[in-house]
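Chemist: The structure under discussion is supplied below as structure tokens; questions concerning it will follow.
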Amino acid sequence: CSGVESAISSLDYISKTKEDVRLKLEECSKRANNGKFTLRDLLVVPMQRVLKYHLLLQELVKHTTDPMEKANLKLALDAMKDLAQYVNEVKRDNETLREIKQFQLSIENLNQPVLLFGRPQGD
């Protein structure tokens, strides 16, 4: 999930610089789904779904009466909430690292990467 933005950027770059690739992507999109979705759109779908599964599970828990099934659904709900939180944290961390890297590139005569400041050195 953390590489989706990078994949989209790479896809955009390749599509802009290589017309044959862009044309092939358009052709495949039209054949696969009548042009409704591009590959760029489809790259985001798995992450969006993972982040919404907990909403579906909450509804299932609400409407389930069998105690055993309800307990299993609650376990699944907790797992999906944990996964969604983890995905969001990784995404935030990657955004922060990207911002630090951009900041670092703007500093002249920097001898040590900014990411290493404040980190303990290994023995």
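Please note that chains go A, B, ... in the order of the structure tokens, that every chain numbers its residues from 1, and that ligands are numbered from 1 in the order shown.
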Contacts between region 43-51 of chain A and region 83-120 of chain A, please, where a residue of region 83-120 of chain A counts if it comes within 9 Å (with only C-alpha atoms); show its shortest atom pair and distance in Å to one decimal, rows by chain and ascending number, as CSV.
Modeler:
residue,atom,partner,partner_atom,distance
A:Leu83,CA,A:Val50,CA,7.9
A:Ala84,CA,A:Leu51,CA,5.1
A:Gln85,CA,A:Leu51,CA,8.5
A:Val87,CA,A:Leu51,CA,8.0
A:Asn88,CA,A:Leu51,CA,8.6
Chemist: Residues within 12 Å of Asp78 (chain A), please, as a VMD selection string. Count only C-alpha atoms; anything in the same chain fewer than 2 positions from it doesn't count.
Modeler: chain A and resid 53 to 55 57 to 58 61 71 to 76 80 to 85
Chemist: For Ser15 (chain A), please output as a list of chain:residue names all residues within 12 Å (counting only C-alpha atoms; exclusion window: fewer than 3 positions along the same chain).
Modeler: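 Neighbouring residues, sequence-local ones excluded: A:Ile8, A:Ser9, A:Ser10, A:Leu11, A:Asp12, A:Lys18, A:Glu19, A:Asp20, A:Val21, A:Arg22, A:Leu23, A:Lys24, A:Leu25, A:Glu26, A:Thr38, A:Leu39, A:Arg40.
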Chemist: As a ChimeraX atom specification, list the residues of chain A assigned to helix (DSSP H, G or I) by DSSP on the backbone atoms of this structure.
Modeler: /A:4-17,19-33,39-63,67-105,114-116
